[in-house]
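**Q** Structure file run39.txt (compact mmCIF, C-alpha atoms) right here:
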# COMPACT_ATOMS: atom_id res chain seq x y z
CA MET A 56 -34.61 -3.73 5.97
CA SER A 57 -32.29 -3.11 8.89
CA ALA A 58 -33.89 -3.19 12.34
CA LYS A 59 -32.40 0.21 13.17
CA THR A 60 -33.17 3.35 11.19
CA ALA A 61 -32.19 7.02 11.13
CA LYS A 62 -34.64 9.82 10.39
CA LEU A 63 -33.58 12.77 8.27
CA VAL A 64 -35.81 15.85 8.14
CA ILE A 65 -35.47 18.06 5.04
CA GLY A 66 -37.96 20.92 5.21
CA SER A 67 -41.39 19.30 5.51
CA LYS A 68 -40.10 15.95 4.27
CA GLU A 69 -39.05 13.16 6.65
CA ILE A 70 -36.90 10.34 5.29
CA GLU A 71 -36.16 7.06 7.04
CA LEU A 72 -32.78 5.52 6.30
CA PRO A 73 -31.67 2.03 7.37
CA ILE A 74 -28.71 1.60 9.71
CA HIS A 75 -26.42 -1.40 9.23
CA SER A 76 -24.29 -2.81 12.04
CA PRO A 77 -20.90 -4.32 11.21
CA THR A 78 -19.32 -7.23 13.07
CA VAL A 79 -16.81 -4.72 14.48
CA GLY A 80 -16.77 -0.92 14.28
CA PRO A 81 -19.32 1.91 14.09
CA ASP A 82 -22.79 1.58 12.59
CA VAL A 83 -23.36 2.78 9.03
CA ILE A 84 -26.31 4.80 7.72
CA ASP A 85 -27.38 3.49 4.31
CA ILE A 86 -27.94 6.53 2.06
CA GLY A 87 -28.40 4.54 -1.16
CA GLN A 88 -31.98 5.82 -1.55
CA LEU A 89 -31.31 9.34 -0.29
CA TYR A 90 -31.43 11.02 -3.71
CA ALA A 91 -34.48 9.07 -4.83
CA LYS A 92 -36.40 9.84 -1.64
CA GLY A 93 -35.08 13.28 -0.71
CA ASP A 94 -33.68 14.76 -3.93
CA VAL A 95 -30.39 15.52 -2.12
CA PHE A 96 -26.82 14.16 -2.08
CA THR A 97 -24.33 13.96 0.74
CA TYR A 98 -21.13 16.02 0.67
CA ASP A 99 -18.02 14.30 2.00
CA PRO A 100 -14.68 15.45 0.49
CA GLY A 101 -12.14 12.66 0.77
CA PHE A 102 -14.93 10.18 1.60
CA THR A 103 -13.68 10.09 5.19
CA SER A 104 -17.19 9.49 6.57
CA THR A 105 -18.43 7.32 3.72
CA ALA A 106 -18.37 3.53 3.37
CA ALA A 107 -18.25 2.77 -0.36
CA CYS A 108 -18.45 -1.01 0.10
CA ASP A 109 -18.75 -3.81 2.60
CA SER A 110 -15.72 -6.04 3.06
CA THR A 111 -14.55 -9.05 5.05
CA ILE A 112 -10.82 -8.52 4.54
CA THR A 113 -9.33 -5.89 6.86
CA PHE A 114 -10.52 -3.96 9.91
CA ILE A 115 -8.82 -0.93 11.47
CA ASP A 116 -9.62 0.81 14.76
CA GLY A 117 -7.39 3.85 14.69
CA GLU A 118 -8.35 4.99 18.18
CA LYS A 119 -7.23 1.72 19.77
CA GLY A 120 -4.37 0.94 17.40
CA VAL A 121 -5.98 -2.24 16.03
CA LEU A 122 -5.31 -3.80 12.62
CA LEU A 123 -6.97 -7.14 11.82
CA HIS A 124 -6.66 -9.23 8.65
CA ARG A 125 -9.64 -11.61 8.41
CA GLY A 126 -9.88 -11.20 12.20
CA TYR A 127 -6.24 -11.98 12.99
CA PRO A 128 -4.19 -9.21 14.73
CA ILE A 129 -1.30 -7.94 12.65
CA GLU A 130 1.04 -8.42 15.62
CA GLN A 131 0.36 -12.18 15.60
CA LEU A 132 0.60 -12.52 11.84
CA SER A 133 3.88 -10.62 11.56
CA SER A 134 5.54 -12.49 14.43
CA LYS A 135 4.21 -16.03 13.89
CA SER A 136 3.50 -16.15 10.16
CA HIS A 137 5.20 -15.06 6.94
CA PHE A 138 4.17 -13.04 3.92
CA LEU A 139 2.90 -15.77 1.58
CA GLU A 140 0.80 -17.30 4.35
CA VAL A 141 -0.73 -13.85 4.95
CA CYS A 142 -1.30 -13.61 1.18
CA TYR A 143 -3.25 -16.86 1.31
CA LEU A 144 -5.26 -15.56 4.27
CA LEU A 145 -6.18 -12.31 2.53
CA LEU A 146 -6.95 -13.97 -0.80
CA TYR A 147 -8.96 -16.96 0.40
CA GLY A 148 -10.33 -15.90 3.79
CA GLY A 149 -8.64 -18.32 6.17
CA LEU A 150 -5.25 -19.61 7.26
CA PRO A 151 -4.05 -22.56 5.16
CA ASN A 152 -3.10 -26.00 6.42
CA ALA A 153 0.34 -27.35 5.53
CA VAL A 154 -0.77 -28.91 2.23
CA GLU A 155 -2.67 -25.80 1.12
CA LEU A 156 0.24 -23.51 1.98
CA ASP A 157 2.75 -25.70 0.15
CA ASP A 158 0.53 -25.74 -2.95
CA PHE A 159 0.06 -21.95 -2.82
CA GLU A 160 3.76 -21.24 -2.34
CA THR A 161 4.59 -23.59 -5.23
CA ARG A 162 2.12 -21.86 -7.55
CA VAL A 163 3.46 -18.42 -6.67
CA THR A 164 7.09 -19.53 -7.03
CA ARG A 165 6.43 -21.11 -10.45
CA HIS A 166 5.00 -17.83 -11.78
CA THR A 167 7.77 -15.42 -10.75
CA MET A 168 9.38 -15.20 -14.20
CA LEU A 169 8.16 -12.65 -16.75
CA HIS A 170 7.27 -13.30 -20.36
CA GLU A 171 10.65 -12.90 -22.08
CA GLN A 172 9.29 -10.39 -24.58
CA MET A 173 8.43 -8.07 -21.70
CA LEU A 174 12.14 -7.37 -21.27
CA ASN A 175 11.97 -5.37 -24.49
CA PHE A 176 9.24 -3.27 -22.90
CA PHE A 177 11.61 -2.25 -20.09
CA ARG A 178 14.16 -1.04 -22.62
CA GLY A 179 11.66 1.41 -24.05
CA PHE A 180 12.00 3.59 -20.95
CA ARG A 181 14.71 6.18 -20.42
CA ARG A 182 17.56 4.82 -18.36
CA ASP A 183 16.84 7.30 -15.54
CA ALA A 184 13.09 6.58 -15.44
CA HIS A 185 11.66 6.41 -11.92
CA PRO A 186 11.00 2.76 -10.94
CA MET A 187 7.36 3.61 -10.17
CA ALA A 188 6.88 4.93 -13.71
CA VAL A 189 8.31 1.68 -15.04
CA MET A 190 6.15 -0.46 -12.76
CA THR A 191 2.97 1.41 -13.69
CA GLY A 192 3.66 0.86 -17.39
CA VAL A 193 4.84 -2.74 -17.16
CA VAL A 194 2.01 -3.95 -14.93
CA GLY A 195 -0.56 -2.27 -17.17
CA ALA A 196 1.08 -3.95 -20.15
CA MET A 197 0.71 -7.42 -18.61
CA SER A 198 -2.75 -7.56 -20.18
CA ALA A 199 -0.99 -7.48 -23.56
CA PHE A 200 1.13 -10.52 -22.67
CA TYR A 201 -1.23 -12.69 -20.63
CA HIS A 202 -4.43 -12.84 -22.65
CA ASP A 203 -5.59 -15.98 -20.86
CA SER A 204 -6.24 -14.22 -17.55
CA ILE A 205 -8.06 -10.95 -18.32
CA ASP A 206 -11.69 -12.15 -18.31
CA VAL A 207 -12.98 -10.97 -14.94
CA ASN A 208 -16.11 -13.11 -15.31
CA ASP A 209 -14.14 -16.37 -15.47
CA PRO A 210 -13.28 -17.69 -11.97
CA TRP A 211 -10.25 -19.61 -13.23
CA GLN A 212 -8.85 -16.61 -15.09
CA ARG A 213 -9.33 -14.49 -11.96
CA GLU A 214 -7.35 -17.08 -10.01
CA VAL A 215 -4.53 -17.18 -12.57
CA ALA A 216 -4.35 -13.38 -12.72
CA SER A 217 -4.19 -13.20 -8.91
CA ILE A 218 -1.28 -15.63 -8.69
CA ARG A 219 0.55 -13.96 -11.55
CA LEU A 220 0.31 -10.52 -9.98
CA ILE A 221 1.50 -11.70 -6.55
CA ALA A 222 4.34 -13.71 -8.11
CA LYS A 223 5.59 -11.31 -10.75
CA MET A 224 5.42 -8.00 -8.90
CA PRO A 225 8.76 -8.53 -7.06
CA THR A 226 10.39 -9.46 -10.37
CA ILE A 227 9.02 -6.33 -12.04
CA ALA A 228 10.13 -4.10 -9.15
CA ALA A 229 13.61 -5.64 -9.08
CA MET A 230 13.98 -5.27 -12.85
CA ALA A 231 12.88 -1.63 -12.62
CA PHE A 232 15.61 -1.15 -10.00
CA LYS A 233 18.25 -2.90 -12.09
CA TYR A 234 17.28 -0.95 -15.20
CA ASN A 235 17.56 2.32 -13.29
CA THR A 236 21.04 1.42 -12.00
CA GLY A 237 22.27 0.12 -15.37
CA GLN A 238 22.89 -3.40 -14.11
CA PRO A 239 21.75 -6.59 -15.88
CA PHE A 240 18.45 -8.18 -14.89
CA VAL A 241 18.68 -11.03 -12.40
CA TYR A 242 16.18 -13.84 -12.91
CA PRO A 243 14.25 -15.32 -9.97
CA ARG A 244 15.22 -18.62 -8.37
CA ASN A 245 12.70 -21.24 -7.32
CA ASP A 246 14.75 -22.46 -4.34
CA LEU A 247 14.43 -19.16 -2.47
CA ASP A 248 11.57 -17.79 -0.40
CA TYR A 249 9.62 -14.74 -1.56
CA ALA A 250 11.60 -12.07 0.34
CA SER A 251 15.00 -13.67 -0.25
CA ASN A 252 14.26 -13.98 -3.96
CA PHE A 253 13.42 -10.28 -4.14
CA LEU A 254 16.59 -9.22 -2.33
CA ARG A 255 18.71 -11.41 -4.60
CA MET A 256 17.07 -10.04 -7.76
CA CYS A 257 17.82 -6.51 -6.50
CA PHE A 258 21.40 -6.92 -5.29
CA ALA A 259 22.96 -9.91 -7.07
CA VAL A 260 25.19 -9.48 -10.13
CA PRO A 261 26.21 -12.19 -12.62
CA ALA A 262 29.89 -11.78 -11.75
CA GLU A 263 29.61 -13.29 -8.27
CA ASP A 264 27.32 -15.29 -6.06
CA TYR A 265 24.96 -13.52 -3.64
CA GLN A 266 24.00 -14.96 -0.27
CA VAL A 267 20.88 -13.50 1.34
CA ASN A 268 21.30 -12.77 5.04
CA PRO A 269 18.38 -14.35 6.97
CA ILE A 270 18.01 -11.26 9.20
CA LEU A 271 17.59 -9.04 6.15
CA SER A 272 15.24 -11.53 4.53
CA ARG A 273 13.12 -11.66 7.68
CA ALA A 274 13.02 -7.87 7.86
CA MET A 275 11.93 -7.65 4.21
CA ASP A 276 9.27 -10.31 4.80
CA ARG A 277 7.93 -8.26 7.70
CA ILE A 278 7.85 -5.10 5.58
CA PHE A 279 5.84 -7.01 2.98
CA THR A 280 3.50 -8.43 5.65
CA LEU A 281 2.92 -5.15 7.49
CA HIS A 282 2.01 -3.32 4.27
CA ALA A 283 -0.10 -6.12 2.75
CA ASP A 284 -3.49 -4.42 3.15
CA HIS A 285 -4.87 -1.40 4.94
CA GLU A 286 -8.61 -1.29 4.30
CA GLN A 287 -10.09 1.29 1.88
CA ASN A 288 -7.11 3.61 1.46
CA ALA A 289 -6.60 5.77 -1.64
CA SER A 290 -4.86 3.17 -3.82
CA THR A 291 -7.22 0.36 -2.81
CA SER A 292 -10.21 2.58 -3.51
CA THR A 293 -8.65 3.37 -6.90
CA VAL A 294 -8.35 -0.34 -7.68
CA ARG A 295 -11.97 -0.88 -6.68
CA LEU A 296 -13.19 2.10 -8.72
CA ALA A 297 -11.28 0.91 -11.79
CA SER A 298 -12.55 -2.64 -11.38
CA SER A 299 -16.14 -1.43 -11.04
CA SER A 300 -16.06 -0.68 -14.78
CA GLY A 301 -15.10 -4.27 -15.57
CA ALA A 302 -11.50 -3.39 -16.45
CA ASN A 303 -9.01 -6.27 -16.56
CA PRO A 304 -7.08 -7.00 -13.34
CA PHE A 305 -3.72 -5.81 -14.65
CA ALA A 306 -5.17 -2.41 -15.59
CA CYS A 307 -6.80 -2.14 -12.16
CA ILE A 308 -3.59 -2.92 -10.27
CA ALA A 309 -1.63 -0.51 -12.50
CA ALA A 310 -4.14 2.18 -11.48
CA GLY A 311 -3.47 1.32 -7.83
CA ILE A 312 0.29 1.65 -8.38
CA ALA A 313 -0.20 5.06 -9.99
CA CYS A 314 -2.22 6.23 -6.99
CA LEU A 315 0.30 4.80 -4.52
CA TRP A 316 3.01 6.88 -6.18
CA GLY A 317 1.60 10.05 -4.60
CA PRO A 318 3.78 11.40 -1.77
CA ALA A 319 0.77 11.64 0.55
CA HIS A 320 0.24 7.88 0.23
CA GLY A 321 3.06 5.50 -0.66
CA GLY A 322 5.83 8.07 -0.48
CA ALA A 323 5.70 8.57 3.29
CA ASN A 324 8.78 6.47 4.06
CA GLN A 325 10.69 8.28 1.31
CA ALA A 326 9.62 11.62 2.83
CA CYS A 327 10.88 10.34 6.19
CA LEU A 328 14.36 9.62 4.80
CA GLU A 329 14.42 12.99 3.05
CA MET A 330 13.64 14.62 6.40
CA LEU A 331 16.51 12.72 8.05
CA GLU A 332 18.81 13.95 5.28
CA GLU A 333 17.59 17.50 5.90
CA ILE A 334 18.45 17.17 9.60
CA GLY A 335 21.83 15.82 8.53
CA THR A 336 23.68 15.28 11.81
CA VAL A 337 22.80 14.22 15.34
CA ASP A 338 23.77 17.57 16.86
CA LYS A 339 21.02 19.31 14.86
CA ILE A 340 18.20 17.15 16.26
CA PRO A 341 17.31 19.55 19.15
CA GLU A 342 16.91 22.37 16.62
CA PHE A 343 14.51 20.36 14.46
CA ILE A 344 12.61 19.03 17.48
CA ALA A 345 12.03 22.65 18.53
CA ARG A 346 10.88 23.53 15.01
CA ALA A 347 8.44 20.60 15.03
CA LYS A 348 6.90 21.96 18.23
CA ASP A 349 6.59 25.48 16.82
CA LYS A 350 3.11 25.96 15.34
CA ASN A 351 4.37 28.83 13.21
CA ASP A 352 7.10 26.73 11.60
CA PRO A 353 6.02 24.67 8.53
CA PHE A 354 8.53 21.91 9.37
CA ARG A 355 6.95 18.62 10.41
CA LEU A 356 8.54 15.42 11.63
CA MET A 357 7.78 12.82 8.98
CA GLY A 358 7.34 9.24 10.14
CA PHE A 359 5.71 10.21 13.46
CA GLY A 360 2.00 9.85 14.14
CA HIS A 361 -0.52 8.52 11.61
CA ARG A 362 -3.68 9.80 9.97
CA VAL A 363 -5.61 6.63 10.87
CA TYR A 364 -3.95 5.54 14.11
CA LYS A 365 -4.65 8.10 16.83
CA ASN A 366 -2.92 6.08 19.54
CA PHE A 367 -0.08 4.04 18.08
CA ASP A 368 0.62 2.23 14.84
CA PRO A 369 0.55 -1.50 15.69
CA ARG A 370 2.74 -2.24 12.67
CA ALA A 371 5.49 0.04 13.96
CA ILE A 372 5.86 -1.94 17.19
CA VAL A 373 6.66 -5.08 15.19
CA LEU A 374 8.90 -3.38 12.64
CA LYS A 375 10.96 -1.63 15.35
CA GLU A 376 12.24 -5.06 16.37
CA SER A 377 13.41 -5.76 12.81
CA ALA A 378 14.91 -2.28 12.52
CA ASP A 379 16.96 -2.88 15.66
CA GLU A 380 18.14 -6.27 14.32
CA VAL A 381 19.10 -4.84 10.94
CA LEU A 382 20.98 -1.87 12.39
CA GLU A 383 22.82 -4.16 14.80
CA LEU A 384 23.78 -6.41 11.89
CA LEU A 385 24.87 -3.66 9.50
CA GLY A 386 25.90 -1.00 11.99
CA VAL A 387 25.12 2.71 11.85
CA GLU A 388 28.58 4.16 12.45
CA SER A 389 29.30 4.77 8.77
CA ASN A 390 25.84 6.12 7.94
CA SER A 391 24.99 9.54 9.38
CA ILE A 392 21.35 9.23 8.31
CA LEU A 393 20.86 6.08 10.37
CA GLN A 394 22.60 7.71 13.31
CA VAL A 395 20.15 10.60 13.08
CA ALA A 396 17.22 8.17 12.85
CA LYS A 397 18.23 6.27 15.98
CA LYS A 398 18.84 9.42 18.01
CA LEU A 399 15.63 11.05 16.77
CA GLU A 400 13.66 7.95 17.78
CA GLU A 401 15.20 7.99 21.28
CA THR A 402 14.56 11.72 21.69
CA ALA A 403 10.93 11.60 20.51
CA LEU A 404 10.03 8.57 22.62
CA ALA A 405 11.35 10.35 25.73
CA ASP A 406 9.90 13.81 25.00
CA ASP A 407 6.71 14.75 26.91
CA TYR A 408 5.44 16.76 23.93
CA PHE A 409 5.45 13.76 21.61
CA ILE A 410 4.17 11.40 24.31
CA GLU A 411 1.25 13.71 25.13
CA LYS A 412 0.29 14.12 21.48
CA LYS A 413 0.92 10.41 20.80
CA LEU A 414 3.34 11.21 18.00
CA PHE A 415 5.10 7.87 18.06
CA PRO A 416 7.28 6.54 15.22
CA ASN A 417 5.04 4.85 12.64
CA VAL A 418 5.64 2.00 10.20
CA ASP A 419 6.99 4.40 7.55
CA PHE A 420 9.73 5.58 9.92
CA TYR A 421 11.03 2.08 10.59
CA SER A 422 10.60 0.75 7.05
CA GLY A 423 12.53 3.74 5.72
CA ILE A 424 15.37 3.06 8.16
CA ILE A 425 15.51 -0.63 7.22
CA LEU A 426 15.45 -0.03 3.48
CA GLU A 427 18.12 2.66 3.76
CA ALA A 428 20.33 0.29 5.79
CA MET A 429 19.85 -2.47 3.21
CA GLY A 430 21.13 -0.19 0.48
CA PHE A 431 17.96 0.72 -1.36
CA PRO A 432 17.76 4.26 -2.78
CA THR A 433 14.69 6.25 -1.75
CA SER A 434 13.32 5.88 -5.30
CA MET A 435 12.76 2.18 -4.51
CA PHE A 436 10.81 2.69 -1.30
CA THR A 437 7.43 3.15 -2.98
CA PRO A 438 7.98 0.27 -5.48
CA ILE A 439 8.64 -2.02 -2.51
CA PHE A 440 5.42 -0.71 -0.95
CA ALA A 441 3.66 -1.63 -4.23
CA VAL A 442 5.06 -5.18 -4.05
CA SER A 443 3.72 -5.47 -0.50
CA ARG A 444 0.30 -3.99 -1.24
CA THR A 445 -0.35 -6.06 -4.38
CA ILE A 446 -1.96 -8.85 -2.35
CA GLY A 447 -4.29 -6.33 -0.72
CA TRP A 448 -5.27 -4.85 -4.06
CA VAL A 449 -5.81 -8.29 -5.59
CA SER A 450 -7.89 -9.48 -2.63
CA GLN A 451 -10.04 -6.34 -2.68
CA TRP A 452 -10.42 -6.60 -6.47
CA LYS A 453 -11.44 -10.24 -6.22
CA GLU A 454 -13.94 -9.48 -3.45
CA MET A 455 -15.48 -6.66 -5.45
CA VAL A 456 -15.87 -8.41 -8.81
CA THR A 457 -17.58 -11.37 -7.13
CA ASP A 458 -19.97 -9.17 -5.13
CA PRO A 459 -23.52 -9.49 -6.53
CA LYS A 460 -24.20 -5.91 -5.35
CA MET A 461 -21.34 -4.46 -7.40
CA LYS A 462 -22.15 -1.46 -9.54
CA ILE A 463 -19.94 0.97 -11.40
CA GLY A 464 -18.57 3.71 -9.17
CA ARG A 465 -20.16 7.09 -9.87
CA PRO A 466 -19.62 9.69 -7.12
CA ARG A 467 -21.79 12.80 -7.29
CA GLN A 468 -20.73 16.41 -6.79
CA LEU A 469 -21.63 19.72 -5.24
CA TYR A 470 -21.68 21.89 -8.36
CA VAL A 471 -20.58 25.49 -7.71
CA GLY A 472 -19.91 26.60 -11.29
CA GLU A 473 -21.83 28.93 -13.62
CA THR A 474 -25.55 28.48 -14.18
CA LYS A 475 -26.93 28.18 -17.70
CA ARG A 476 -25.78 30.95 -20.04
CA ASP A 477 -26.10 31.52 -23.77
CA TYR A 478 -23.26 31.18 -26.23
CA VAL A 479 -21.87 34.51 -27.52
CA ASN A 480 -20.41 34.63 -31.01
CA ILE A 481 -16.68 35.39 -31.08
CA GLU A 482 -17.09 38.76 -32.79
CA ASP A 483 -19.41 39.91 -29.98
CA ARG A 484 -17.11 38.98 -27.05
Represent the structure contained in this file as structure tokens.
**A**
Amino acid sequence: MSAKTAKLVIGSKEIELPIHSPTVGPDVIDIGQLYAKGDVFTYDPGFTSTAACDSTITFIDGEKGVLLHRGYPIEQLSSKSHFLEVCYLLLYGGLPNAVELDDFETRVTRHTMLHEQMLNFFRGFRRDAHPMAVMTGVVGAMSAFYHDSIDVNDPWQREVASIRLIAKMPTIAAMAFKYNTGQPFVYPRNDLDYASNFLRMCFAVPAEDYQVNPILSRAMDRIFTLHADHEQNASTSTVRLASSSGANPFACIAAGIACLWGPAHGGANQACLEMLEEIGTVDKIPEFIARAKDKNDPFRLMGFGHRVYKNFDPRAIVLKESADEVLELLGVESNSILQVAKKLEETALADDYFIEKKLFPNVDFYSGIILEAMGFPTSMFTPIFAVSRTIGWVSQWKEMVTDPKMKIGRPRQLYVGETKRDYVNIEDR
């Protein structure tokens, strides 16, 4: 029993509920026995005030703009580390030494290829299928090709499934992209790092060699790192809910991809680019800034502010540096959308209205700019997000299935429908 308790009075009944204190963050009232003791449920649409689990992976303080992975600030990880090292940290709980990192990177690299028969699965989709539709189907189908890693009760199979998902997701996303564009699939290469391999699989063609620019590779690695995990968001919660039933890991991650596809979640950077296209030219920015300030106008600036971060998005500070490097490398003169993005950023950062309301550019704004500059269509923005977030989903899945307190998810409801009524025969209606 926790040392601290909360008392809830319901009519003449008084219920004592334990309060748990985290290592960081607000205390949590344990309502696990509320129905048994008080014959009542809680009502919390969106679960915004409900902790559905305990976790040691990621901590967010939105008021202070803090994001920690296993205790390490995201600013340090994204500037001093790289994506696969962060993957190791999230998956195993600590930073690896040189030998451990080399072994992990080797295992991931050696699993990047897909089962050859899976290529036939791609060809079952329409040519113009959205890459997210393809990814959802292909990842879910992995359980039909990798039977030796679907037993969630076997520690070794869990390990193999984890490595396979981290390794193969970039290949699946790149193949979905190639299939959509009508170009031949490009196989992964073991001599390239994770981000460079992904860029090559997306943009190389058999007719000529493709050299990955290190600035672009570094920017992609940062995008992967900054989106790796974000606590109990919608897609992560979906993965956990699916895994609570004992479903195989590939089915659980496919469920996460499906949830991420929603425009309110993984589609934010795509919505940002669509907004920039709507603005169109630099000279129209003052007009749209004025509309954004008008409470009676439905227009909103996408890519500014964040639901969780009430101060600033710590990931955006890091990604702005990469955005500046990429735009300097590739230039913005020939791309009106990127010109609009740069001018909009300058205008918003200098405008008292946005400063007062803390509507700073977020990670979606900068990632959208970078991906647009690299040559990705907006339809690939969310698949790239899915590649990034796979390690978070896998880590959260692994943590949940090994938790001795795990039970199948079963939210309750506030029923507001009809009360009991008798069936009326059709001739009497």
**Q** Residues at most 8 Å from Ser300 (chain A), counting only C-alpha atoms, excluding those fewer than 2 positions away in the same chain, as a list of chain:residue names?
**A** A:Leu296, A:Ala297, A:Ser298, A:Ala302, A:Ile463, A:Gly464
**Q** Between CA of Lys223 (chain A) and CA of Gly321 (chain A), measure the distance and give it in Å to one decimal.
**A**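 CA of Lys223 (chain A) sits 19.8 Å away from CA of Gly321 (chain A).
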**Q** Counting all atoms listed in the file, which of A:Ile129, A:Val83, A:Val215, A:Met256 gets nearest to Pro239 (chain A)?
**A** A:Met256
**Q** What does the structure give for the distance between CA of Asn252 (chain A) and CA of Thr164 (chain A), in Å to one decimal?
**A**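 Computing it gives 9.6 Å between the two atoms.
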**Q** Would you compute the distance between CA of Ala250 (chain A) and CA of Val163 (chain A)? Give it in Å to one decimal.
**A**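 About the pair CA of Ala250 (chain A) and CA of Val163 (chain A): they are 12.5 Å apart.
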**Q** Taking 5 positions as the minimum chain separation for residues in the same chain, which residues sit within 12 Å of Asp246 (chain A) when counting all atoms listed in the file? Answer as a VMD selection string.
**A** chain A and resid 160 to 161 164 to 165 167 251 to 252 255
**Q** Determine, counting all atoms listed in the file, which protein, DNA and RNA residues have an atom within 7 Å of an atom of region 60-74 of chain A; residues of the same chain fewer than 4 positions away are not included. Present the result as a count of residues only.
**A** 8
**Q** At a cut-off of 8 Å, can you tabulate as CSV every residue of region 330-382 of chain A near region 394-406 of chain A together with its closest atom pair and the distance in Å to one decimal, using only C-alpha atoms and ordering rows by chain then number?
**A**
residue,atom,partner,partner_atom,distance
A:Leu331,CA,A:Val395,CA,6.6
A:Ile334,CA,A:Val395,CA,7.6
A:Gly335,CA,A:Val395,CA,7.1
A:Thr336,CA,A:Val395,CA,6.0
A:Val337,CA,A:Val395,CA,5.0
A:Ile340,CA,A:Leu399,CA,6.6
**Q** Skipping near chain neighbours, those fewer than 2 positions away, what residues fall within 7 Å of region 436-446 of chain A using all atoms listed in the file, listed as a VMD selection string?
**A** chain A and resid 142 186 to 187 221 224 to 225 228 279 to 280 282 to 284 312 316 321 to 322 324 to 325 433 to 434 448 to 450
**Q** Pick from A:Asp203, A:Phe177, A:Asp109, A:Tyr127: nearest to Pro459 (chain A), with all atoms listed in the file counted?
**A**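 Closest to Pro459 (chain A), using all atoms listed in the file: A:Asp109.
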**Q** Here is a test: counting all atoms listed in the file, which residue of A:Val154, A:Ala262, A:Ala184, A:Val194 is nearest to Ala216 (chain A)?
**A**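 Of A:Val154, A:Ala262, A:Ala184, A:Val194, the one nearest Ala216 (chain A) is A:Val194, counting all atoms listed in the file.
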**Q** Closest to Leu271 (chain A) among A:Pro353, A:Pro318, A:Gly430, A:Gly148, using all atoms listed in the file?
**A**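 With all atoms listed in the file as the atom set, the closest residue is A:Gly430.
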**Q** From the set A:Arg219, A:Lys412, A:Lys59, A:Arg182, which residue has the shortest atom-to-atom contact distance to Lys365 (chain A), counting all atoms listed in the file?
**A**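 Of all the options, A:Lys412 lies closest to Lys365 (chain A).
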**Q** Find the residues with any atom within 12 Å of (-8.4, 4.8, -2.7); use all atoms listed in the file and the coordinates as given in the file, and write the answer as an MDAnalysis selection string.
**A** chainID A and resid 101:103 106:108 284:297 307:308 310:315 317 319:321 448 451
**Q** Could you turn the residues from that selection into a file that holds C-alpha atoms, as a PDB file, in the frame of the given file?
**A**
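Generated file (selection03.pdb):
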ATOM      1  CA  GLY A 101     -12.140  12.660   0.770  1.00  0.00           C
ATOM      2  CA  PHE A 102     -14.930  10.180   1.600  1.00  0.00           C
ATOM      3  CA  THR A 103     -13.680  10.090   5.190  1.00  0.00           C
ATOM      4  CA  ALA A 106     -18.370   3.530   3.370  1.00  0.00           C
ATOM      5  CA  ALA A 107     -18.250   2.770  -0.360  1.00  0.00           C
ATOM      6  CA  CYS A 108     -18.450  -1.010   0.100  1.00  0.00           C
ATOM      7  CA  ASP A 284      -3.490  -4.420   3.150  1.00  0.00           C
ATOM      8  CA  HIS A 285      -4.870  -1.400   4.940  1.00  0.00           C
ATOM      9  CA  GLU A 286      -8.610  -1.290   4.300  1.00  0.00           C
ATOM     10  CA  GLN A 287     -10.090   1.290   1.880  1.00  0.00           C
ATOM     11  CA  ASN A 288      -7.110   3.610   1.460  1.00  0.00           C
ATOM     12  CA  ALA A 289      -6.600   5.770  -1.640  1.00  0.00           C
ATOM     13  CA  SER A 290      -4.860   3.170  -3.820  1.00  0.00           C
ATOM     14  CA  THR A 291      -7.220   0.360  -2.810  1.00  0.00           C
ATOM     15  CA  SER A 292     -10.210   2.580  -3.510  1.00  0.00           C
ATOM     16  CA  THR A 293      -8.650   3.370  -6.900  1.00  0.00           C
ATOM     17  CA  VAL A 294      -8.350  -0.340  -7.680  1.00  0.00           C
ATOM     18  CA  ARG A 295     -11.970  -0.880  -6.680  1.00  0.00           C
ATOM     19  CA  LEU A 296     -13.190   2.100  -8.720  1.00  0.00           C
ATOM     20  CA  ALA A 297     -11.280   0.910 -11.790  1.00  0.00           C
ATOM     21  CA  CYS A 307      -6.800  -2.140 -12.160  1.00  0.00           C
ATOM     22  CA  ILE A 308      -3.590  -2.920 -10.270  1.00  0.00           C
ATOM     23  CA  ALA A 310      -4.140   2.180 -11.480  1.00  0.00           C
ATOM     24  CA  GLY A 311      -3.470   1.320  -7.830  1.00  0.00           C
ATOM     25  CA  ILE A 312       0.290   1.650  -8.380  1.00  0.00           C
ATOM     26  CA  ALA A 313      -0.200   5.060  -9.990  1.00  0.00           C
ATOM     27  CA  CYS A 314      -2.220   6.230  -6.990  1.00  0.00           C
ATOM     28  CA  LEU A 315       0.300   4.800  -4.520  1.00  0.00           C
ATOM     29  CA  GLY A 317       1.600  10.050  -4.600  1.00  0.00           C
ATOM     30  CA  ALA A 319       0.770  11.640   0.550  1.00  0.00           C
ATOM     31  CA  HIS A 320       0.240   7.880   0.230  1.00  0.00           C
ATOM     32  CA  GLY A 321       3.060   5.500  -0.660  1.00  0.00           C
ATOM     33  CA  TRP A 448      -5.270  -4.850  -4.060  1.00  0.00           C
ATOM     34  CA  GLN A 451     -10.040  -6.340  -2.680  1.00  0.00           C
TER      35      GLN A 451
END
**Q** Around (22.0, 4.4, 12.1) in the file's frame, which residues reach within 10 Å when counting all atoms listed in the file? Return as number ranges by chain?
**A** A: 378-379, 381-383, 385-398, 424-425, 427-428
